[in-house]
Amino acid sequence: MEPSPARVALKWGLMTALVEILMTSIRYALGYYFSFAFPALTLVILLVGLILAMRELREQNGGYMTYTEGLSLGVQMFAIIGLLDTTYTMVYTAFIDPDVVVKTLAQTRDFMEGFNVPDEQLEKYDEQMDALADQQKKGVSGISFITGILGWIFWGFLLSLLVSAFMSRKKTNPFD
């Protein structure tokens with residue numbers, strides 16, 4: 001059977017997205033809306049998922065994977081992650097906890113105050129965040145949904161560029 005990058009991307013995209021969604025749910029349940037630890041953990045989850053996916057594709061190809069195959073696999077995988085994670089985020093903010101944006105902004109402001117950010121900058125932040133909160137209250141739009149997915153694909157492309165550079169192996173013998 002011919003190796004299928006799309007099948008590998010679907011498998012690892014689903015698994016990675018489920019782990020990411022579970023971690024996000026735990027984070028929100030614990031009240032951590034703004035934290036430096038969780039984005040780092042998210043990056044680790046994404047890198048592990050991507051590396052495992054590329055390793056599986058390489059094994060299916062007899063130990064070989066071109067740079068382009070790895071890049072393609074990563075972009076497909078992140079498109080799946082983006083679709084699932086963006087859908088989860090939209091459902092969460094619309095139905096489960098509509099105040100998640102306000103809570104995130106409040107924790108961010110507290111963090112800024114802890115670093116003695118000048119009052120003028122805090123006021124400017126408050127104005128910008130009030131506008132964002134007003135926009136959030138209007139509901140989820142198709143544009144924000146598409147933008148969310150495209151953002152995941154963009155970051156997936158960048159991570160895949162890096163990981164593919166290390167994971168790719170070309171055949172040296174053309175007769176293999």
# chains A, B, ... in the order shown; residues from 1 in each chain; ligands from 1

call {"tool": "select_by_dssp", "arguments": {"residues": "chain A", "states": "alpha helix (DSSP H)", "output": "PyMOL selection string"}}
result
chain A and resi 5-29+37-60+67-91+100-114+119-137+142-167

call {"tool": "closest_atom_pairs", "arguments": {"of": "stretch 40-62 of chain A", "to": "stretch 2-14 of chain A", "cutoff": "7 Å", "atoms": "only C-alpha atoms", "output": "Markdown table"}}
result
| residue | atom | partner | partner_atom | distance |
| --- | --- | --- | --- | --- |
| A:Gly49 | CA | A:Trp12 | CA | 6.3 |
| A:Ala53 | CA | A:Trp12 | CA | 5.8 |
| A:Leu57 | CA | A:Pro5 | CA | 6.6 |
| A:Gln60 | CA | A:Pro3 | CA | 5.6 |
| A:Asn61 | CA | A:Pro3 | CA | 6.3 |

call {"tool": "residues_around", "arguments": {"residues": "stretch 92-108 of chain A", "least_positions_apart": "4", "cutoff": "6 Å", "atoms": "only C-alpha atoms", "output": "PyMOL selection string"}}
result
chain A and resi 33-34+88

call {"tool": "write_last_selection", "arguments": {"atoms": "all heavy atoms", "output": "mmCIF file, in the first residue's frame"}}
result
data_model
loop_
_atom_site.group_PDB
_atom_site.id
_atom_site.type_symbol
_atom_site.label_atom_id
_atom_site.label_comp_id
_atom_site.auth_asym_id
_atom_site.auth_seq_id
_atom_site.Cartn_x
_atom_site.Cartn_y
_atom_site.Cartn_z
ATOM 1 N N TYR A 33 -6.188 32.089 32.425
ATOM 2 C CA TYR A 33 -6.515 32.632 31.115
ATOM 3 C C TYR A 33 -5.309 33.302 30.478
ATOM 4 O O TYR A 33 -5.201 33.379 29.268
ATOM 5 C CB TYR A 33 -7.680 33.614 31.235
ATOM 6 C CG TYR A 33 -8.915 32.949 31.769
ATOM 7 C CD1 TYR A 33 -9.260 33.030 33.121
ATOM 8 C CD2 TYR A 33 -9.724 32.204 30.929
ATOM 9 C CE1 TYR A 33 -10.384 32.391 33.613
ATOM 10 C CE2 TYR A 33 -10.849 31.567 31.407
ATOM 11 C CZ TYR A 33 -11.179 31.657 32.745
ATOM 12 O OH TYR A 33 -12.280 31.017 33.227
ATOM 13 N N PHE A 34 -4.398 33.787 31.311
ATOM 14 C CA PHE A 34 -3.168 34.408 30.825
ATOM 15 C C PHE A 34 -2.011 33.794 31.584
ATOM 16 O O PHE A 34 -1.949 33.873 32.802
ATOM 17 C CB PHE A 34 -3.191 35.925 31.036
ATOM 18 C CG PHE A 34 -1.913 36.594 30.638
ATOM 19 C CD1 PHE A 34 -1.661 36.872 29.304
ATOM 20 C CD2 PHE A 34 -0.950 36.909 31.572
ATOM 21 C CE1 PHE A 34 -0.476 37.475 28.931
ATOM 22 C CE2 PHE A 34 0.233 37.512 31.209
ATOM 23 C CZ PHE A 34 0.475 37.792 29.876
ATOM 24 N N TYR A 88 -13.502 24.601 18.434
ATOM 25 C CA TYR A 88 -13.630 24.487 19.888
ATOM 26 C C TYR A 88 -13.634 25.867 20.537
ATOM 27 O O TYR A 88 -14.466 26.150 21.404
ATOM 28 C CB TYR A 88 -12.488 23.634 20.464
ATOM 29 C CG TYR A 88 -12.408 23.697 21.964
ATOM 30 C CD1 TYR A 88 -13.281 22.965 22.756
ATOM 31 C CD2 TYR A 88 -11.464 24.513 22.596
ATOM 32 C CE1 TYR A 88 -13.224 23.032 24.143
ATOM 33 C CE2 TYR A 88 -11.405 24.582 23.976
ATOM 34 C CZ TYR A 88 -12.272 23.846 24.740
ATOM 35 O OH TYR A 88 -12.214 23.921 26.107
#

call {"tool": "residues_around", "arguments": {"residues": "A:Leu150", "least_positions_apart": "6", "cutoff": "10 Å", "atoms": "only C-alpha atoms", "output": "list in words"}}
result
Phe78, Ala79, Gly82, Leu83, Thr86, Ser144 and Gly156 of chain A

call {"tool": "atom_distance", "arguments": {"atom1": "atom CA of A:Thr24", "atom2": "atom CA of A:Ile149"}}
result
16.7 Å

call {"tool": "closest_residue", "arguments": {"among": "A:Ala131, A:Leu84, A:Met77, A:Leu161", "to": "A:Leu50", "atoms": "only C-alpha atoms"}}
result
A:Met77

call {"tool": "closest_residue", "arguments": {"among": "A:Gln128, A:Ile146, A:Ser168, A:Glu20", "to": "A:Leu47", "atoms": "only C-alpha atoms"}}
result
A:Glu20

call {"tool": "atom_distance", "arguments": {"atom1": "atom CA of A:Asp119", "atom2": "atom CA of A:Ala37"}}
result
26.6 Å

call {"tool": "atom_distance", "arguments": {"atom1": "atom CA of A:Gly70", "atom2": "atom CA of A:Ile51"}}
result
9.6 Å

call {"tool": "decode", "arguments": {"residues": "stretch 115-130 of chain A", "atoms": "all heavy atoms", "output": "CSV table (one decimal), in the first residue's frame"}}
result
chain,number,residue,atom,x,y,z
A,115,PHE,N,4.2,44.5,36.7
A,115,PHE,CA,5.5,45.0,36.1
A,115,PHE,C,5.6,46.5,36.1
A,115,PHE,O,6.5,47.0,35.4
A,115,PHE,CB,5.8,44.4,34.7
A,115,PHE,CG,6.3,43.0,34.8
A,115,PHE,CD1,5.5,41.9,34.7
A,115,PHE,CD2,7.7,42.8,34.9
A,115,PHE,CE1,6.0,40.6,34.8
A,115,PHE,CE2,8.2,41.5,34.9
A,115,PHE,CZ,7.4,40.4,34.9
A,116,ASN,N,4.7,47.1,36.8
A,116,ASN,CA,4.8,48.6,37.0
A,116,ASN,C,4.7,49.3,35.6
A,116,ASN,O,5.4,50.3,35.4
A,116,ASN,CB,6.0,49.1,37.7
A,116,ASN,CG,6.0,48.5,39.2
A,116,ASN,OD1,4.9,48.4,39.8
A,116,ASN,ND2,7.1,48.1,39.7
A,117,VAL,N,3.8,48.9,34.7
A,117,VAL,CA,3.6,49.5,33.5
A,117,VAL,C,3.0,50.9,33.8
A,117,VAL,O,2.1,51.0,34.6
A,117,VAL,CB,2.7,48.7,32.6
A,117,VAL,CG1,2.3,49.5,31.3
A,117,VAL,CG2,3.3,47.4,32.2
A,118,PRO,N,3.4,52.0,33.1
A,118,PRO,CA,2.9,53.3,33.4
A,118,PRO,C,1.4,53.4,33.2
A,118,PRO,O,0.8,52.7,32.3
A,118,PRO,CB,3.6,54.2,32.4
A,118,PRO,CG,4.9,53.4,32.0
A,118,PRO,CD,4.5,52.0,32.1
A,119,ASP,N,0.8,54.3,33.9
A,119,ASP,CA,-0.7,54.4,33.9
A,119,ASP,C,-1.2,54.8,32.5
A,119,ASP,O,-2.3,54.3,32.1
A,119,ASP,CB,-1.2,55.4,34.9
A,119,ASP,CG,-1.1,54.9,36.3
A,119,ASP,OD1,-1.0,53.7,36.5
A,119,ASP,OD2,-1.0,55.8,37.3
A,120,GLU,N,-0.4,55.6,31.8
A,120,GLU,CA,-0.9,56.0,30.4
A,120,GLU,C,-1.0,54.8,29.5
A,120,GLU,O,-1.9,54.7,28.7
A,120,GLU,CB,0.1,57.0,29.8
A,120,GLU,CG,0.6,58.2,30.6
A,120,GLU,CD,1.8,57.9,31.5
A,120,GLU,OE1,2.8,57.4,31.0
A,120,GLU,OE2,1.6,58.1,32.7
A,121,GLN,N,0.0,53.9,29.6
A,121,GLN,CA,-0.1,52.7,28.8
A,121,GLN,C,-1.2,51.8,29.2
A,121,GLN,O,-1.8,51.1,28.4
A,121,GLN,CB,1.3,52.0,28.8
A,121,GLN,CG,2.4,52.7,28.1
A,121,GLN,CD,3.7,51.9,28.0
A,121,GLN,OE1,3.9,51.1,28.9
A,121,GLN,NE2,4.5,52.1,27.0
A,122,LEU,N,-1.5,51.7,30.5
A,122,LEU,CA,-2.6,50.9,31.0
A,122,LEU,C,-3.9,51.4,30.5
A,122,LEU,O,-4.8,50.7,30.1
A,122,LEU,CB,-2.6,50.8,32.5
A,122,LEU,CG,-1.5,49.9,33.2
A,122,LEU,CD1,-1.5,50.1,34.7
A,122,LEU,CD2,-1.6,48.5,32.7
A,123,GLU,N,-4.0,52.8,30.5
A,123,GLU,CA,-5.3,53.4,30.0
A,123,GLU,C,-5.4,53.1,28.5
A,123,GLU,O,-6.5,52.8,28.1
A,123,GLU,CB,-5.3,54.9,30.3
A,123,GLU,CG,-5.4,55.2,31.7
A,123,GLU,CD,-5.3,56.7,32.0
A,123,GLU,OE1,-5.2,57.5,31.1
A,123,GLU,OE2,-5.1,57.0,33.2
A,124,LYS,N,-4.4,53.2,27.8
A,124,LYS,CA,-4.4,52.9,26.3
A,124,LYS,C,-4.8,51.4,26.1
A,124,LYS,O,-5.6,51.1,25.3
A,124,LYS,CB,-3.1,53.2,25.7
A,124,LYS,CG,-3.0,53.1,24.2
A,124,LYS,CD,-1.7,53.5,23.6
A,124,LYS,CE,-1.7,53.3,22.1
A,124,LYS,NZ,-0.4,53.7,21.5
A,125,TYR,N,-4.2,50.5,26.9
A,125,TYR,CA,-4.5,49.1,26.9
A,125,TYR,C,-6.0,48.9,27.2
A,125,TYR,O,-6.7,48.2,26.4
A,125,TYR,CB,-3.7,48.3,27.9
A,125,TYR,CG,-4.1,46.9,28.0
A,125,TYR,CD1,-3.7,45.9,27.1
A,125,TYR,CD2,-4.9,46.5,29.1
A,125,TYR,CE1,-4.0,44.6,27.2
A,125,TYR,CE2,-5.2,45.1,29.2
A,125,TYR,CZ,-4.8,44.2,28.3
A,125,TYR,OH,-5.2,42.9,28.4
A,126,ASP,N,-6.5,49.6,28.2
A,126,ASP,CA,-7.9,49.4,28.6
A,126,ASP,C,-8.9,49.8,27.4
A,126,ASP,O,-9.9,49.2,27.1
A,126,ASP,CB,-8.3,50.2,29.8
A,126,ASP,CG,-7.7,49.6,31.1
A,126,ASP,OD1,-7.3,48.4,31.1
A,126,ASP,OD2,-7.5,50.4,32.1
A,127,GLU,N,-8.5,50.9,26.7
A,127,GLU,CA,-9.3,51.4,25.6
A,127,GLU,C,-9.3,50.4,24.5
A,127,GLU,O,-10.4,50.1,23.9
A,127,GLU,CB,-8.8,52.7,25.1
A,127,GLU,CG,-9.0,53.9,26.0
A,127,GLU,CD,-8.3,55.2,25.6
A,127,GLU,OE1,-7.8,55.2,24.4
A,127,GLU,OE2,-8.3,56.1,26.3
A,128,GLN,N,-8.2,49.8,24.1
A,128,GLN,CA,-8.1,48.9,23.1
A,128,GLN,C,-8.8,47.6,23.5
A,128,GLN,O,-9.5,47.0,22.6
A,128,GLN,CB,-6.6,48.5,22.8
A,128,GLN,CG,-5.8,49.7,22.2
A,128,GLN,CD,-4.3,49.4,22.1
A,128,GLN,OE1,-3.8,48.5,22.7
A,128,GLN,NE2,-3.7,50.2,21.2
A,129,MET,N,-8.7,47.2,24.7
A,129,MET,CA,-9.3,45.9,25.1
A,129,MET,C,-10.8,46.1,25.3
A,129,MET,O,-11.6,45.1,25.0
A,129,MET,CB,-8.7,45.4,26.4
A,129,MET,CG,-7.2,45.1,26.3
A,129,MET,SD,-6.9,43.9,24.9
A,129,MET,CE,-6.0,44.9,23.8
A,130,ASP,N,-11.3,47.3,25.6
A,130,ASP,CA,-12.8,47.5,25.6
A,130,ASP,C,-13.3,47.4,24.2
A,130,ASP,O,-14.4,46.8,24.1
A,130,ASP,CB,-13.1,48.9,26.2
A,130,ASP,CG,-12.9,49.0,27.7
A,130,ASP,OD1,-12.8,47.9,28.4
A,130,ASP,OD2,-12.8,50.2,28.2
